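coords11.pdb follows; it contains PDB, C-alpha atoms.
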ATOM      1  CA  MET A   1      -5.672 -18.698  -9.748
ATOM      2  CA  THR A   2      -4.130 -16.096 -12.068
ATOM      3  CA  PRO A   3      -2.388 -13.374 -10.009
ATOM      4  CA  ALA A   4      -3.583  -9.799 -10.473
ATOM      5  CA  VAL A   5      -0.095  -8.375 -11.012
ATOM      6  CA  GLN A   6       3.204  -9.900 -12.071
ATOM      7  CA  ILE A   7       6.254  -7.708 -11.496
ATOM      8  CA  LEU A   8       9.197  -7.984 -13.882
ATOM      9  CA  ARG A   9      12.506  -7.449 -12.090
ATOM     10  CA  ASN A  10      15.269  -7.819 -14.668
ATOM     11  CA  PRO A  11      16.134  -6.202 -18.032
ATOM     12  CA  GLU A  12      15.607  -9.430 -19.978
ATOM     13  CA  GLU A  13      11.987  -9.741 -18.841
ATOM     14  CA  ALA A  14      11.361  -6.058 -19.516
ATOM     15  CA  ALA A  15      12.810  -6.328 -23.024
ATOM     16  CA  ILE A  16      10.608  -9.316 -23.823
ATOM     17  CA  ILE A  17       7.348  -7.760 -22.666
ATOM     18  CA  LEU A  18       7.961  -4.350 -24.268
ATOM     19  CA  ASP A  19       8.015  -5.808 -27.780
ATOM     20  CA  PRO A  20       4.871  -4.418 -29.527
ATOM     21  CA  VAL A  21       3.794  -7.788 -30.925
ATOM     22  CA  ARG A  22       4.151  -9.489 -27.549
ATOM     23  CA  LEU A  23       2.170  -6.739 -25.834
ATOM     24  CA  MET A  24      -0.584  -7.292 -28.383
ATOM     25  CA  LEU A  25      -0.520 -11.037 -27.756
ATOM     26  CA  LEU A  26      -0.755 -10.606 -23.983
ATOM     27  CA  GLU A  27      -3.804  -8.384 -24.415
ATOM     28  CA  HIS A  28      -5.548 -11.324 -26.107
ATOM     29  CA  LEU A  29      -4.346 -14.012 -23.707
ATOM     30  CA  ASP A  30      -6.667 -13.363 -20.769
ATOM     31  CA  GLN A  31      -8.237 -16.639 -21.905
ATOM     32  CA  PRO A  32      -6.412 -19.702 -23.332
ATOM     33  CA  GLN A  33      -5.646 -19.273 -27.016
ATOM     34  CA  SER A  34      -3.709 -21.154 -29.670
ATOM     35  CA  ALA A  35      -1.265 -19.700 -32.173
ATOM     36  CA  SER A  36      -3.785 -20.439 -34.925
ATOM     37  CA  SER A  37      -6.634 -18.571 -33.245
ATOM     38  CA  LEU A  38      -4.359 -15.611 -32.462
ATOM     39  CA  SER A  39      -3.161 -15.609 -36.058
ATOM     40  CA  ARG A  40      -6.724 -15.285 -37.337
ATOM     41  CA  VAL A  41      -7.620 -12.496 -34.922
ATOM     42  CA  LEU A  42      -4.429 -10.451 -35.294
ATOM     43  CA  ASN A  43      -3.672 -11.247 -38.947
ATOM     44  CA  ILE A  44      -0.106 -12.276 -38.071
ATOM     45  CA  PRO A  45       1.514 -15.447 -39.486
ATOM     46  CA  ARG A  46       1.140 -18.419 -37.157
ATOM     47  CA  GLN A  47       4.875 -19.193 -37.311
ATOM     48  CA  LYS A  48       5.691 -15.685 -36.078
ATOM     49  CA  ILE A  49       3.180 -15.956 -33.250
ATOM     50  CA  ASN A  50       4.581 -19.350 -32.251
ATOM     51  CA  TYR A  51       8.058 -17.843 -32.007
ATOM     52  CA  HIS A  52       6.891 -15.010 -29.755
ATOM     53  CA  LEU A  53       4.837 -17.354 -27.575
ATOM     54  CA  ARG A  54       7.860 -19.611 -27.019
ATOM     55  CA  GLU A  55      10.004 -16.646 -25.971
ATOM     56  CA  MET A  56       7.268 -15.389 -23.662
ATOM     57  CA  GLU A  57       6.847 -18.852 -22.163
ATOM     58  CA  LYS A  58      10.590 -19.021 -21.407
ATOM     59  CA  ALA A  59      10.292 -15.694 -19.571
ATOM     60  CA  GLY A  60       7.291 -16.884 -17.558
ATOM     61  CA  LEU A  61       4.833 -14.464 -19.158
ATOM     62  CA  VAL A  62       2.539 -17.171 -20.561
ATOM     63  CA  ARG A  63       1.922 -20.806 -19.650
ATOM     64  CA  GLU A  64       0.462 -23.810 -21.411
ATOM     65  CA  THR A  65      -3.013 -24.853 -20.314
ATOM     66  CA  GLU A  66      -3.628 -27.840 -22.580
ATOM     67  CA  THR A  67      -2.648 -29.644 -25.776
ATOM     68  CA  ARG A  68      -5.375 -30.847 -28.104
ATOM     69  CA  LYS A  69      -5.414 -32.706 -31.410
ATOM     70  CA  ARG A  70      -6.456 -30.813 -34.533
ATOM     71  CA  GLY A  71      -6.451 -33.112 -37.555
ATOM     72  CA  ASN A  72      -2.940 -34.539 -37.823
ATOM     73  CA  CYS A  73      -1.417 -31.825 -35.605
ATOM     74  CA  LEU A  74      -1.218 -31.102 -31.901
ATOM     75  CA  GLU A  75      -2.392 -27.622 -30.925
ATOM     76  CA  ARG A  76      -1.076 -25.932 -27.772
ATOM     77  CA  LEU A  77      -3.217 -23.481 -25.824
ATOM     78  CA  VAL A  78      -1.506 -20.861 -23.688
ATOM     79  CA  VAL A  79      -2.699 -18.119 -21.343
ATOM     80  CA  ALA A  80      -1.119 -15.079 -19.710
ATOM     81  CA  THR A  81       0.385 -15.754 -16.271
ATOM     82  CA  ALA A  82      -1.104 -12.545 -14.819
ATOM     83  CA  LYS A  83      -3.867 -10.029 -15.466
ATOM     84  CA  HIS A  84      -1.449  -7.098 -15.368
ATOM     85  CA  TYR A  85       2.315  -6.657 -15.604
ATOM     86  CA  LEU A  86       4.553  -4.039 -14.005
ATOM     87  CA  VAL A  87       8.224  -3.372 -14.752
ATOM     88  CA  SER A  88      10.082  -2.726 -11.487
ATOM     89  CA  PRO A  89      12.598   0.167 -11.425
ATOM     90  CA  GLU A  90      15.311  -2.344 -10.529
ATOM     91  CA  ALA A  91      15.057  -3.681 -14.091
ATOM     92  CA  LEU A  92      16.910  -0.505 -15.131
ATOM     93  CA  GLY A  93      19.794  -1.195 -12.758
ATOM     94  CA  LYS A  94      21.611   1.964 -11.685
ATOM     95  CA  LEU A  95      19.411   3.984 -14.022
ATOM     96  CA  GLY A  96      16.316   3.098 -11.995
ATOM     97  CA  ALA A  97      14.906   5.842  -9.805
ATOM     98  CA  GLY A  98      16.762   6.140  -6.519
ATOM     99  CA  ILE A  99      16.019   8.061  -3.340
ATOM    100  CA  PRO A 100      17.440  11.618  -3.308
ATOM    101  CA  ASP A 101      19.312  13.025  -0.348
ATOM    102  CA  ALA A 102      16.925  12.695   2.599
ATOM    103  CA  ASP A 103      18.444  15.790   4.243
ATOM    104  CA  SER A 104      17.455  17.988   1.311
ATOM    105  CA  THR A 105      14.190  19.835   2.037
ATOM    106  CA  GLN A 106      13.988  20.941  -1.577
ATOM    107  CA  ASP A 107      14.162  17.335  -2.797
ATOM    108  CA  ARG A 108      11.423  16.241  -0.425
ATOM    109  CA  ALA A 109       9.086  18.829  -1.925
ATOM    110  CA  SER A 110       9.875  17.877  -5.518
ATOM    111  CA  PRO A 111       8.083  15.480  -7.882
ATOM    112  CA  ALA A 112      11.400  13.665  -8.333
ATOM    113  CA  TYR A 113      11.504  12.768  -4.637
ATOM    114  CA  LEU A 114       7.901  11.535  -4.678
ATOM    115  CA  LEU A 115       8.548   9.416  -7.773
ATOM    116  CA  SER A 116      11.691   7.979  -6.224
ATOM    117  CA  THR A 117       9.857   7.151  -3.014
ATOM    118  CA  PHE A 118       7.121   5.345  -4.946
ATOM    119  CA  SER A 119       9.827   3.495  -6.885
ATOM    120  CA  ARG A 120      11.413   2.304  -3.653
ATOM    121  CA  GLY A 121       7.984   1.143  -2.492
ATOM    122  CA  ILE A 122       7.599  -0.954  -5.645
ATOM    123  CA  ARG A 123      11.045  -2.508  -5.169
ATOM    124  CA  ASP A 124      10.308  -3.272  -1.508
ATOM    125  CA  LEU A 125       6.919  -4.808  -2.332
ATOM    126  CA  VAL A 126       8.490  -7.019  -4.990
ATOM    127  CA  GLU A 127      11.000  -8.370  -2.470
ATOM    128  CA  LEU A 128       8.436  -8.758   0.313
ATOM    129  CA  ARG A 129       5.927 -10.557  -1.891
ATOM    130  CA  GLN A 130       8.616 -12.959  -3.066
ATOM    131  CA  ARG A 131       9.545 -13.712   0.554
ATOM    132  CA  ALA A 132       5.879 -14.201   1.477
ATOM    133  CA  ASP A 133       5.300 -16.518  -1.487
ATOM    134  CA  ASP A 134       8.392 -18.563  -0.606
ATOM    135  CA  ALA A 135       7.155 -18.914   2.974
ATOM    136  CA  GLY A 136       3.565 -19.644   1.950
ATOM    137  CA  MET A 137       2.347 -16.618   3.897
ATOM    138  CA  ARG A 138       0.089 -13.653   3.174
ATOM    139  CA  LEU A 139       1.783 -10.264   2.843
ATOM    140  CA  SER A 140       0.222  -7.666   5.152
ATOM    141  CA  THR A 141      -0.223  -4.264   3.525
ATOM    142  CA  MET A 142      -2.576  -1.299   3.823
ATOM    143  CA  THR A 143      -3.599   1.343   1.299
ATOM    144  CA  LEU A 144      -5.292   4.656   2.045
ATOM    145  CA  GLU A 145      -6.383   6.769  -0.907
ATOM    146  CA  THR A 146      -8.622   9.828  -1.163
ATOM    147  CA  GLU A 147      -9.034  13.219  -2.850
ATOM    148  CA  VAL A 148      -9.234  16.603  -1.119
ATOM    149  CA  ARG A 149     -10.327  19.826  -2.867
ATOM    150  CA  PHE A 150      -8.701  22.950  -1.400
ATOM    151  CA  ARG A 151      -9.995  26.478  -1.785
ATOM    152  CA  SER A 152      -6.485  27.902  -2.070
ATOM    153  CA  PRO A 153      -2.776  27.002  -1.926
ATOM    154  CA  THR A 154      -2.741  28.584   1.548
ATOM    155  CA  GLU A 155      -5.329  26.124   2.843
ATOM    156  CA  ARG A 156      -3.467  23.278   1.183
ATOM    157  CA  GLY A 157      -0.340  24.275   3.096
ATOM    158  CA  ALA A 158      -2.296  24.523   6.355
ATOM    159  CA  PHE A 159      -3.769  21.064   5.738
ATOM    160  CA  SER A 160      -0.292  19.621   5.189
ATOM    161  CA  GLN A 161       1.008  21.116   8.424
ATOM    162  CA  GLU A 162      -1.959  19.868  10.449
ATOM    163  CA  LEU A 163      -1.726  16.424   8.876
ATOM    164  CA  ALA A 164       1.975  16.224   9.747
ATOM    165  CA  TYR A 165       1.172  17.236  13.337
ATOM    166  CA  LEU A 166      -1.582  14.636  13.719
ATOM    167  CA  LEU A 167       0.619  11.963  12.176
ATOM    168  CA  ALA A 168       3.418  12.792  14.603
ATOM    169  CA  GLN A 169       0.975  12.322  17.483
ATOM    170  CA  LEU A 170      -0.114   8.916  16.177
ATOM    171  CA  ILE A 171       3.491   7.820  15.726
ATOM    172  CA  ALA A 172       4.345   8.886  19.268
ATOM    173  CA  GLN A 173       1.346   6.906  20.564
ATOM    174  CA  TYR A 174       1.941   3.653  18.685
ATOM    175  CA  ASN A 175       5.642   3.468  17.855
ATOM    176  CA  ASP A 176       7.349   1.164  20.376
ATOM    177  CA  THR A 177      11.014   0.442  19.753
ATOM    178  CA  THR A 178      11.372  -1.565  22.978
ATOM    179  CA  VAL A 179       9.361  -4.637  21.944
ATOM    180  CA  THR A 180      11.373  -7.562  20.611
ATOM    181  CA  ASP A 181       8.569  -9.420  18.803
ATOM    182  CA  GLY A 182       7.045  -6.396  17.096
ATOM    183  CA  ARG A 183       7.303  -5.600  13.408
ATOM    184  CA  THR A 184       8.191  -2.294  11.789
ATOM    185  CA  PHE A 185       6.033  -0.976   8.957
ATOM    186  CA  ARG A 186       6.928   1.828   6.549
ATOM    187  CA  PHE A 187       4.259   4.470   5.901
ATOM    188  CA  VAL A 188       4.528   6.723   2.849
ATOM    189  CA  LEU A 189       2.300   9.757   2.495
ATOM    190  CA  GLY A 190       2.453  11.921  -0.613
ATOM    191  CA  SER A 191       0.167  14.090  -2.691
ATOM    192  CA  TYR A 192      -0.100  15.278  -6.288
ATOM    193  CA  PRO A 193      -2.764  17.099  -8.343
ATOM    194  CA  PHE A 194      -5.807  15.007  -9.156
ATOM    195  CA  ILE A 195      -6.258  14.124 -12.844
ATOM    196  CA  ALA A 196      -9.935  14.734 -13.567
ATOM    197  CA  PRO A 197     -11.837  13.535 -16.657
ATOM    198  CA  VAL A 198     -12.685  16.360 -19.071
ATOM    199  CA  ALA A 199     -16.204  16.529 -20.474
ATOM    200  CA  ASP A 200     -16.274  15.813 -24.195
ATOM    201  CA  GLU A 201     -19.201  16.121 -26.602
ATOM    202  CA  ASN A 202     -17.962  12.944 -28.296
ATOM    203  CA  ALA A 203     -17.531  11.070 -25.016
ATOM    204  CA  ASP A 204     -19.799   8.282 -26.222
ATOM    205  CA  LYS A 205     -17.512   7.706 -29.210
ATOM    206  CA  ALA A 206     -14.049   7.985 -27.631
ATOM    207  CA  PRO A 207     -12.377   7.465 -24.235
ATOM    208  CA  ALA A 208     -12.580  10.491 -21.926
ATOM    209  CA  LYS A 209      -9.667  12.878 -22.101
ATOM    210  CA  ARG A 210      -7.851  13.646 -18.877
ATOM    211  CA  ALA A 211      -6.369  16.958 -17.820
ATOM    212  CA  VAL A 212      -4.771  18.390 -14.723
ATOM    213  CA  ARG A 213      -4.601  21.943 -13.417
ATOM    214  CA  MET A 214      -1.246  22.933 -11.972
ATOM    215  CA  GLU A 215      -0.927  25.565  -9.228
TER     216      GLU A 215
END

Spell out the structure here as structure tokens.
Amino acid sequence: MTPAVQILRNPEEAAIILDPVRLMLLEHLDQPQSASSLSRVLNIPRQKINYHLREMEKAGLVRETETRKRGNCLERLVVATAKHYLVSPEALGKLGAGIPDADSTQDRASPAYLLSTFSRGIRDLVELRQRADDAGMRLSTMTLETEVRFRSPTERGAFSQELAYLLAQLIAQYNDTTVTDGRTFRFVLGSYPFIAPVADENADKAPAKRAVRME
């Protein structure tokens, strides 16, 4: 079964997938295709498509599904190895987002800290999924996602304080550092303004625009 997401961890993979032609090819490879069929659809020479497909196959971005005879030639069909692709921050090496000083209250309240925390989560999930795949096990995760509309910044601050208090109570109830066969899980809780679709009189002709109000 084709995985939902394939995460690219090194600069070489990132460089290969970020080529505009290869991105276009991947968008058309949700189903097996040949270089000839892609050439007709995209109006790109078959030789050029074959070159890109070979490079993508070396990087593990596409795979061969079958070889069939067309006249006097053999035609290879390939398909994307995933439905979606994500470049991990570690592909940027030291330039990838890192975690700011945890003792800095100002950093913890900044977008940079939230982005860095999400980046660490991606890196951790990449490593954990690889370990789970190697062991033939299922990776246990949990996602909670919702939207809350506040009447004012004051109420938003009060909500944050109460949420922190309730979370501290839950942690005190369930966190047990004395057990030897338990397993530690990392919980990350962050918030950012919701990006709402903007009504457009031409919405039936074009994708909805998105806007965000900053407070």

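The space between atom CA of A:Ser191 and atom CA of A:Gln6 spans 25.9 Å.
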
Between atom CA of A:Leu170 and atom CA of A:Val188, what is the distance in Å, rounded to a tenth? 14.3 Å

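Each of A:Leu8, A:Leu189, A:Leu167, A:Val148 was compared to A:Gly121 using all atoms listed in the file, and A:Leu189 turns out to be the nearest.
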
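Distance-wise, atom CA of A:Asn10 and atom CA of A:Val87 end up 8.3 Å apart.
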
Fewer than 5 positions away in the same chain doesn't count, so skip those; otherwise give me all residues within 12 Å of A:Leu61, counting all atoms listed in the file, as a PDB file with C-alpha atoms, in the frame of the given file.
ATOM      1  CA  THR A   2      -4.130 -16.096 -12.068  1.00  0.00           C
ATOM      2  CA  PRO A   3      -2.388 -13.374 -10.009  1.00  0.00           C
ATOM      3  CA  VAL A   5      -0.095  -8.375 -11.012  1.00  0.00           C
ATOM      4  CA  GLN A   6       3.204  -9.900 -12.071  1.00  0.00           C
ATOM      5  CA  ILE A   7       6.254  -7.708 -11.496  1.00  0.00           C
ATOM      6  CA  LEU A   8       9.197  -7.984 -13.882  1.00  0.00           C
ATOM      7  CA  GLU A  12      15.607  -9.430 -19.978  1.00  0.00           C
ATOM      8  CA  GLU A  13      11.987  -9.741 -18.841  1.00  0.00           C
ATOM      9  CA  ALA A  14      11.361  -6.058 -19.516  1.00  0.00           C
ATOM     10  CA  ILE A  16      10.608  -9.316 -23.823  1.00  0.00           C
ATOM     11  CA  ILE A  17       7.348  -7.760 -22.666  1.00  0.00           C
ATOM     12  CA  LEU A  18       7.961  -4.350 -24.268  1.00  0.00           C
ATOM     13  CA  ARG A  22       4.151  -9.489 -27.549  1.00  0.00           C
ATOM     14  CA  LEU A  23       2.170  -6.739 -25.834  1.00  0.00           C
ATOM     15  CA  LEU A  25      -0.520 -11.037 -27.756  1.00  0.00           C
ATOM     16  CA  LEU A  26      -0.755 -10.606 -23.983  1.00  0.00           C
ATOM     17  CA  GLU A  27      -3.804  -8.384 -24.415  1.00  0.00           C
ATOM     18  CA  LEU A  29      -4.346 -14.012 -23.707  1.00  0.00           C
ATOM     19  CA  ASP A  30      -6.667 -13.363 -20.769  1.00  0.00           C
ATOM     20  CA  HIS A  52       6.891 -15.010 -29.755  1.00  0.00           C
ATOM     21  CA  LEU A  53       4.837 -17.354 -27.575  1.00  0.00           C
ATOM     22  CA  ARG A  54       7.860 -19.611 -27.019  1.00  0.00           C
ATOM     23  CA  GLU A  55      10.004 -16.646 -25.971  1.00  0.00           C
ATOM     24  CA  MET A  56       7.268 -15.389 -23.662  1.00  0.00           C
ATOM     25  CA  VAL A  78      -1.506 -20.861 -23.688  1.00  0.00           C
ATOM     26  CA  VAL A  79      -2.699 -18.119 -21.343  1.00  0.00           C
ATOM     27  CA  ALA A  80      -1.119 -15.079 -19.710  1.00  0.00           C
ATOM     28  CA  THR A  81       0.385 -15.754 -16.271  1.00  0.00           C
ATOM     29  CA  ALA A  82      -1.104 -12.545 -14.819  1.00  0.00           C
ATOM     30  CA  LYS A  83      -3.867 -10.029 -15.466  1.00  0.00           C
ATOM     31  CA  HIS A  84      -1.449  -7.098 -15.368  1.00  0.00           C
ATOM     32  CA  TYR A  85       2.315  -6.657 -15.604  1.00  0.00           C
ATOM     33  CA  LEU A  86       4.553  -4.039 -14.005  1.00  0.00           C
TER      34      LEU A  86
END

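For the residues A:Ile122, A:Thr154, A:Ala112, A:Thr143, ranking by smallest atom-to-atom distance to A:Tyr192 using all atoms listed in the file places A:Ala112 first.
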
List the neighbours of A:Glu66 out to 9 Å using all atoms listed in the file; skip same-chain residues closer than 6 positions along the sequence, and give me the result as an NGL selection string. :A and (32 or 75-78)

Can you tell me, as AutoDock Vina command-line options, the centre and edge lengths (Å, one decimal) of the axis-aligned box enclosing all of stretch 148-154 of chain A's listed atoms after padding each side by 6 Å?
--center_x -6.5 --center_y 22.6 --center_z -0.7 --size_x 19.6 --size_y 24.0 --size_z 16.4

Got a sec: who's within 12 Å of A:Arg40, counting all atoms listed in the file, leaving out chain neighbours fewer than 6 positions off, as a PDB file with C-alpha atoms, keeping the file's coordinate frame?
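Output contents, as saved in out-v1.pdb:
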ATOM      1  CA  HIS A  28      -5.548 -11.324 -26.107  1.00  0.00           C
ATOM      2  CA  GLN A  33      -5.646 -19.273 -27.016  1.00  0.00           C
ATOM      3  CA  SER A  34      -3.709 -21.154 -29.670  1.00  0.00           C
ATOM      4  CA  ARG A  46       1.140 -18.419 -37.157  1.00  0.00           C
ATOM      5  CA  ILE A  49       3.180 -15.956 -33.250  1.00  0.00           C
TER       6      ILE A  49
END

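Non-sequential neighbours of A:Pro11 (distance at most 10 Å, separation of 5 or more positions within a chain, only C-alpha atoms) are Ile16, Val87, Ser88, Pro89, Glu90, Ala91, Leu92 and Gly93 of chain A.
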
Could the residues in this selection be written to a file with C-alpha atoms, as an mmCIF file, in the frame of the given file?
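The result, written out as again.cif:
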data_model
loop_
_atom_site.group_PDB
_atom_site.id
_atom_site.type_symbol
_atom_site.label_atom_id
_atom_site.label_comp_id
_atom_site.auth_asym_id
_atom_site.auth_seq_id
_atom_site.Cartn_x
_atom_site.Cartn_y
_atom_site.Cartn_z
ATOM 1 C CA ILE A 16 10.608 -9.316 -23.823
ATOM 2 C CA VAL A 87 8.224 -3.372 -14.752
ATOM 3 C CA SER A 88 10.082 -2.726 -11.487
ATOM 4 C CA PRO A 89 12.598 0.167 -11.425
ATOM 5 C CA GLU A 90 15.311 -2.344 -10.529
ATOM 6 C CA ALA A 91 15.057 -3.681 -14.091
ATOM 7 C CA LEU A 92 16.910 -0.505 -15.131
ATOM 8 C CA GLY A 93 19.794 -1.195 -12.758
#

Of the residues A:Cys73, A:Thr180, A:Leu166, A:Ser160, which is the one nearest to A:Ala109, using all atoms listed in the file? A:Ser160
